[in-house]
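Listing of data-v1.cif, mmCIF, C-alpha atoms
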```cif
data_query
#
loop_
_atom_site.label_atom_id
_atom_site.label_comp_id
_atom_site.auth_asym_id
_atom_site.auth_seq_id
_atom_site.Cartn_x
_atom_site.Cartn_y
_atom_site.Cartn_z
CA MET A 817 145.01 101.97 101.06
CA LYS A 818 142.25 99.39 101.61
CA ARG A 819 139.47 100.32 103.97
CA THR A 820 140.32 97.42 106.26
CA HIS A 821 143.87 98.77 106.64
CA LEU A 822 142.97 102.36 107.46
CA PRO A 823 144.71 103.46 110.70
CA LEU A 824 141.54 105.11 112.04
CA ASN A 825 142.73 105.60 115.61
CA ALA A 826 145.99 107.22 114.47
CA LEU A 827 144.05 109.45 112.06
CA ARG A 828 141.82 110.54 114.93
CA VAL A 829 144.90 111.45 116.96
CA PHE A 830 146.38 113.32 114.00
CA GLU A 831 143.15 115.30 113.49
CA ALA A 832 143.14 116.43 117.14
CA ALA A 833 146.84 117.31 117.12
CA ALA A 834 146.47 119.20 113.82
CA ARG A 835 143.48 121.13 115.12
CA HIS A 836 145.27 122.16 118.31
CA LEU A 837 148.79 122.26 116.84
CA SER A 838 149.80 120.76 120.16
CA PHE A 839 150.37 117.19 121.28
CA THR A 840 149.62 118.23 124.86
CA ARG A 841 146.22 119.74 124.11
CA ALA A 842 145.37 116.82 121.82
CA ALA A 843 146.30 114.44 124.64
CA ASP A 844 143.98 116.30 127.02
CA GLU A 845 141.10 116.02 124.54
CA LEU A 846 141.69 112.33 123.92
CA ALA A 847 142.40 111.48 127.57
CA VAL A 848 145.83 110.01 126.82
CA THR A 849 149.39 111.15 127.49
CA PRO A 850 151.33 113.49 125.18
CA ALA A 851 153.83 110.65 124.69
CA ALA A 852 151.03 108.40 123.43
CA VAL A 853 149.99 111.10 120.95
CA GLY A 854 153.56 111.39 119.74
CA GLN A 855 153.83 107.63 119.27
CA GLN A 856 150.61 107.52 117.24
CA ILE A 857 151.77 110.39 115.01
CA ARG A 858 155.17 108.75 114.39
CA ALA A 859 153.47 105.44 113.58
CA LEU A 860 151.10 107.19 111.19
CA GLU A 861 153.93 108.99 109.45
CA GLU A 862 155.75 105.68 109.00
CA THR A 863 152.63 103.98 107.68
CA LEU A 864 151.87 106.75 105.19
CA GLY A 865 155.47 107.54 104.33
CA VAL A 866 154.68 111.22 104.83
CA VAL A 867 155.91 113.79 107.36
CA LEU A 868 152.86 115.45 108.94
CA PHE A 869 154.32 117.95 111.41
CA ARG A 870 157.37 120.16 111.64
CA ARG A 871 158.48 120.11 115.27
CA LEU A 872 159.42 123.69 116.13
CA THR A 873 160.86 124.94 119.41
CA ARG A 874 157.61 126.04 121.00
CA ASN A 875 154.88 124.65 118.75
CA LEU A 876 153.97 122.44 115.80
CA GLU A 877 153.44 123.33 112.19
CA LEU A 878 151.62 121.27 109.59
CA THR A 879 153.52 120.23 106.51
CA PRO A 880 151.88 121.17 103.17
CA GLU A 881 150.78 117.54 102.69
CA ALA A 882 149.09 117.45 106.10
CA GLU A 883 147.52 120.87 105.63
CA GLN A 884 146.06 119.79 102.30
CA ALA A 885 144.64 116.54 103.67
CA LEU A 886 143.23 117.88 106.95
CA PRO A 887 139.90 119.35 105.63
CA ALA A 888 139.00 116.09 103.87
CA LEU A 889 139.86 114.11 107.00
CA GLN A 890 137.70 116.38 109.16
CA GLN A 891 134.80 116.01 106.71
CA GLY A 892 135.26 112.26 106.92
CA PHE A 893 134.99 112.30 110.70
CA LEU A 894 131.91 114.51 110.47
CA ALA A 895 130.39 111.92 108.14
CA PHE A 896 131.22 109.20 110.67
CA GLU A 897 129.53 111.20 113.42
CA GLU A 898 126.42 111.68 111.27
CA THR A 899 126.34 107.99 110.45
CA VAL A 900 126.50 107.08 114.13
CA ARG A 901 123.74 109.61 114.87
CA LEU A 902 121.51 108.06 112.22
CA MET A 903 122.11 104.56 113.56
CA GLN A 904 121.31 105.71 117.07
CA ALA A 905 118.20 107.50 115.85
CA GLY A 906 117.02 104.29 114.20
CA GLN A 907 117.41 102.47 117.52
CA SER A 908 116.13 105.38 119.57
CA SER A 909 113.97 104.63 122.56
CA ARG A 910 111.41 106.96 120.95
CA VAL A 911 111.02 104.84 117.80
CA LEU A 912 109.78 101.25 117.59
CA SER A 913 109.90 99.36 114.30
CA LEU A 914 107.69 96.30 113.99
CA ALA A 915 106.70 93.79 111.32
CA ALA A 916 103.41 91.93 111.62
CA PRO A 917 100.71 90.34 109.46
CA ARG A 918 98.14 92.80 108.13
CA ALA A 919 95.25 91.01 109.81
CA LEU A 920 96.94 91.13 113.21
CA VAL A 921 97.75 94.84 112.81
CA ALA A 922 94.15 95.70 111.93
CA LYS A 923 92.35 93.41 114.36
CA TRP A 924 94.60 93.37 117.41
CA LEU A 925 97.91 95.22 117.28
CA ALA A 926 96.92 98.75 116.22
CA PRO A 927 94.54 99.41 119.16
CA ARG A 928 97.15 98.17 121.61
CA LEU A 929 99.87 100.33 120.10
CA ALA A 930 97.49 103.28 120.45
CA ASP A 931 97.06 102.44 124.16
CA TYR A 932 100.82 102.06 124.56
CA GLY A 933 101.43 105.36 122.80
CA ARG A 934 99.08 107.12 125.21
CA LEU A 935 101.15 105.77 128.09
CA TYR A 936 104.34 107.09 126.47
CA PRO A 937 103.60 110.32 124.57
CA GLY A 938 106.11 111.10 121.85
CA LEU A 939 106.74 107.46 121.05
CA ARG A 940 106.64 106.72 117.31
CA PHE A 941 105.89 103.42 115.60
CA SER A 942 107.01 102.18 112.21
CA ILE A 943 104.88 99.23 111.08
CA VAL A 944 105.79 96.94 108.20
CA ALA A 945 103.24 94.46 106.87
CA HIS A 946 104.70 90.96 106.73
CA ASP A 947 102.45 87.96 106.10
CA ALA A 948 104.80 85.25 104.89
CA GLY A 949 106.09 83.36 107.93
CA GLU A 950 109.13 84.45 109.92
CA VAL A 951 110.88 87.75 109.22
CA ASP A 952 114.42 87.78 107.84
CA PHE A 953 116.01 90.21 110.29
CA THR A 954 119.20 90.31 108.22
CA GLN A 955 117.24 92.14 105.51
CA ALA A 956 115.18 94.43 107.73
CA ASN A 957 115.98 97.08 110.34
CA LEU A 958 113.36 96.03 112.87
CA ASP A 959 113.06 96.02 116.63
CA LEU A 960 110.43 93.30 116.78
CA ALA A 961 108.39 91.03 114.54
CA ILE A 962 105.22 89.04 115.07
CA HIS A 963 104.37 85.91 113.14
CA TYR A 964 101.83 83.13 113.31
CA GLY A 965 103.11 79.58 113.29
CA ASP A 966 105.85 77.66 115.05
CA GLU A 967 108.57 78.80 117.42
CA PRO A 968 111.35 80.59 115.49
CA GLN A 969 114.16 78.27 114.47
CA ALA A 970 116.61 80.71 112.86
CA GLU A 971 119.95 81.03 114.63
CA GLY A 972 120.10 84.00 116.99
CA ILE A 973 116.35 84.66 116.83
CA HIS A 974 114.36 84.31 120.03
CA GLY A 975 110.66 84.59 120.66
CA ARG A 976 107.92 84.84 123.24
CA THR A 977 104.53 83.34 122.56
CA LEU A 978 101.25 85.11 123.18
CA GLY A 979 99.89 81.83 124.49
CA ALA A 980 98.08 78.80 123.12
CA GLU A 981 95.79 79.68 120.22
CA ARG A 982 92.43 78.25 119.14
CA ARG A 983 90.70 78.23 115.79
CA ILE A 984 87.07 79.23 115.98
CA THR A 985 84.32 79.60 113.39
CA VAL A 986 82.57 82.96 113.34
CA ALA A 987 79.72 84.48 111.37
CA ALA A 988 77.29 87.38 111.56
CA PRO A 989 74.61 87.14 114.28
CA GLY A 990 71.79 84.95 113.05
CA ALA A 991 73.92 82.98 110.56
CA GLY A 992 73.97 79.23 110.82
CA ALA A 993 76.48 76.46 110.36
CA ASP A 994 75.29 76.07 106.77
CA ALA A 995 76.39 79.61 105.84
CA PRO A 996 78.78 79.84 102.87
CA CYS A 997 82.43 79.24 103.71
CA ILE A 998 84.96 82.09 103.61
CA ALA A 999 88.56 80.98 103.06
CA HIS A 1000 91.83 82.78 103.84
CA PRO A 1001 95.56 81.87 104.02
CA LEU A 1002 95.70 81.32 107.79
CA ASP A 1003 93.21 78.46 107.50
CA PRO A 1004 94.33 76.33 104.55
CA GLU A 1005 92.38 73.36 105.94
CA THR A 1006 89.00 75.07 105.91
CA PRO A 1007 86.43 72.27 106.43
CA CYS A 1008 84.36 73.17 103.39
CA VAL A 1009 83.85 71.19 100.24
CA ALA A 1010 84.11 74.44 98.32
CA SER A 1011 84.66 78.00 99.52
CA ALA A 1012 82.17 80.56 98.35
CA PHE A 1013 84.62 83.39 99.04
CA THR A 1014 88.39 83.66 99.42
CA PHE A 1015 90.07 86.69 100.99
CA ALA A 1016 93.70 87.75 101.18
CA ASP A 1017 93.93 87.64 104.96
CA ALA A 1018 91.99 86.52 108.03
CA GLY A 1019 91.06 90.07 109.01
CA LEU A 1020 89.24 90.62 105.74
CA ALA A 1021 87.57 87.23 106.16
CA ILE A 1022 86.23 88.30 109.56
CA ASP A 1023 84.91 91.54 108.07
CA ALA A 1024 83.25 89.56 105.28
CA ALA A 1025 81.63 87.28 107.83
CA ALA A 1026 80.41 90.28 109.82
CA ALA A 1027 78.89 91.67 106.61
CA GLY A 1028 76.84 88.51 106.21
CA LEU A 1029 78.81 86.80 103.44
CA GLY A 1030 79.24 83.58 105.38
CA ARG A 1031 81.31 81.89 108.05
CA THR A 1032 85.06 81.68 108.48
CA ARG A 1033 87.46 79.85 110.76
CA VAL A 1034 90.13 82.11 112.25
CA PRO A 1035 92.60 82.33 115.15
CA ALA A 1036 90.60 83.41 118.20
CA LEU A 1037 92.89 86.35 118.91
CA LEU A 1038 91.95 87.99 115.62
CA ALA A 1039 88.22 87.68 116.26
CA ALA A 1040 88.24 88.77 119.92
CA ALA A 1041 87.41 92.46 119.30
CA ASP A 1042 84.64 91.68 116.78
CA LEU A 1043 83.15 89.10 119.14
CA ALA A 1044 83.20 91.60 122.01
CA ALA A 1045 81.52 94.22 119.82
CA GLY A 1046 78.83 91.79 118.67
CA ARG A 1047 79.78 92.06 114.99
CA VAL A 1048 80.25 88.29 114.80
CA VAL A 1049 79.31 85.31 116.94
CA MET A 1050 80.99 81.94 117.49
CA LEU A 1051 79.42 78.98 115.73
CA ASP A 1052 81.50 76.39 117.57
CA ALA A 1053 83.68 75.97 120.65
CA GLY A 1054 86.81 75.97 118.53
CA GLU A 1055 89.76 73.62 118.52
CA PRO A 1056 93.45 73.93 119.41
CA ALA A 1057 95.43 75.56 116.64
CA THR A 1058 98.62 74.04 115.33
CA GLY A 1059 100.38 77.42 115.50
CA THR A 1060 100.41 80.44 117.76
CA TRP A 1061 101.50 84.07 117.72
CA TRP A 1062 105.18 84.72 118.36
CA LEU A 1063 106.91 87.98 119.28
CA THR A 1064 110.39 87.54 117.84
CA ALA A 1065 113.67 89.44 117.60
CA PRO A 1066 117.42 88.80 117.43
CA THR A 1067 119.26 88.54 120.73
CA PRO A 1068 120.64 92.12 120.66
CA GLN A 1069 117.13 93.56 120.34
CA TRP A 1070 115.94 91.66 123.40
CA ARG A 1071 118.55 93.57 125.41
CA GLN A 1072 116.82 96.87 124.58
CA ALA A 1073 114.55 98.16 127.32
CA LYS A 1074 112.06 99.48 124.77
CA VAL A 1075 111.62 96.03 123.21
CA ARG A 1076 111.24 94.25 126.54
CA ALA A 1077 108.71 96.83 127.73
CA LEU A 1078 106.56 96.56 124.61
CA VAL A 1079 106.67 92.76 124.61
CA ALA A 1080 105.58 92.68 128.25
CA PHE A 1081 102.72 95.09 127.50
CA LEU A 1082 101.47 93.10 124.50
CA ALA A 1083 101.79 89.72 126.19
CA ASP A 1084 100.03 90.89 129.35
CA ASP A 1085 97.20 92.39 127.28
CA VAL A 1086 96.11 89.05 125.83
CA GLN A 1087 92.83 88.08 127.50
CA PRO A 1088 92.55 84.53 128.83
CA GLY A 1089 90.90 82.38 126.21
CA ALA A 1090 91.55 84.89 123.42
CA ALA A 1091 94.68 83.07 122.41
#
```

Represent the structure from my file as structure tokens, please.
Amino acid sequence: MKRTHLPLNALRVFEAAARHLSFTRAADELAVTPAAVGQQIRALEETLGVVLFRRLTRNLELTPEAEQALPALQQGFLAFEETVRLMQAGQSSRVLSLAAPRALVAKWLAPRLADYGRLYPGLRFSIVAHDAGEVDFTQANLDLAIHYGDEPQAEGIHGRTLGAERRITVAAPGAGADAPCIAHPLDPETPCVASAFTFADAGLAIDAAAAGLGRTRVPALLAAADLAAGRVVMLDAGEPATGTWWLTAPTPQWRQAKVRALVAFLADDVQPGAA
């Protein structure tokens, strides 16, 4: 029998009736009437073309076919229960799965998740590095994703922005506007004739600038902590960025209290002018 044609509800009724050897006790367990149990059993017997119970005067007795099949059916239901448990564990309020660019994780997200974790002890985070645009939620079991760019356009995906972003040029204290240029993927239009250095992400570019290798233009949010610590300084007032940071998730995830709470925490933690 094809999986799509399996009479799962009738099999559940049969398993309860076989375990109790009583339609009445099975009905009590399933919160239905004994007549409803009897109807389900008769329908199942007709579907399978097999007699499952011998109706005796005072009780029921399994036929050899039913007795042989019952252990496998019970193992199947146990497997269903374990599957449901695993799915619920993956969406547990104690676990948050996020995807975000490496630079954002290192420069902004990780410290805030640490603060959030201190507010909610026992909370666990699963972080996936994702640097290439929007996340394909159909291929990933994620609660939330963060990307830099435009508002998500995929059907069923909704987002909340962290606010308008600026691009600023930063370098080590004492460096000038003539310092070598450090390029990275988030700033493909770096205003340099030729880049002296190219790094894989904006976070590494900021670290390189702090080390004295030159200057780099980055989203202000990524540089905020290094600016506050004095590791780098701003060489210009910046300019509006064409993109911004988006917290995104499919509609069902937005219904989860844990997602809404984390989004509110992260959005409220953005300092004015940092993004």

Quiz prompt | All residues 12 Å or closer to region 931-934 of chain A, all atoms listed in the file, same chain fewer than 2 positions away omitted, as a list in words | solution = Arg910, Val911, Leu912, Trp924, Leu925, Ala926, Pro927, Arg928, Leu929, Tyr936, Pro937, Gly938, Leu939, Arg940, Phe941, Lys1074, Ala1077, Leu1078, Val1079, Ala1080, Phe1081, Leu1082 and Asp1085 of chain A

Quiz item: Counting all atoms listed in the file, which of A:Gly892, A:Gly972, A:Pro996, A:Pro887 gets nearest to Arg1031 (chain A)?
Solution: A:Pro996

Exercise. Check what the PyMOL selection byres ((chain A and resi 978) around 8) selects in the file above and give those residues as JSON, numbers by chain.
Key: {"A": [976, 977, 979, 980, 1060, 1061, 1062, 1063, 1083, 1086, 1091]}

Quiz item: To one decimal place, how far is CA of Ala1026 (chain A) from CA of Asp1042 (chain A) in Å?
Solution: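 Going from CA of Ala1026 (chain A) over to CA of Asp1042 (chain A) covers 8.3 Å.
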
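Going from CA of Ala842 (chain A) to CA of Phe830 (chain A) covers 8.6 Å.
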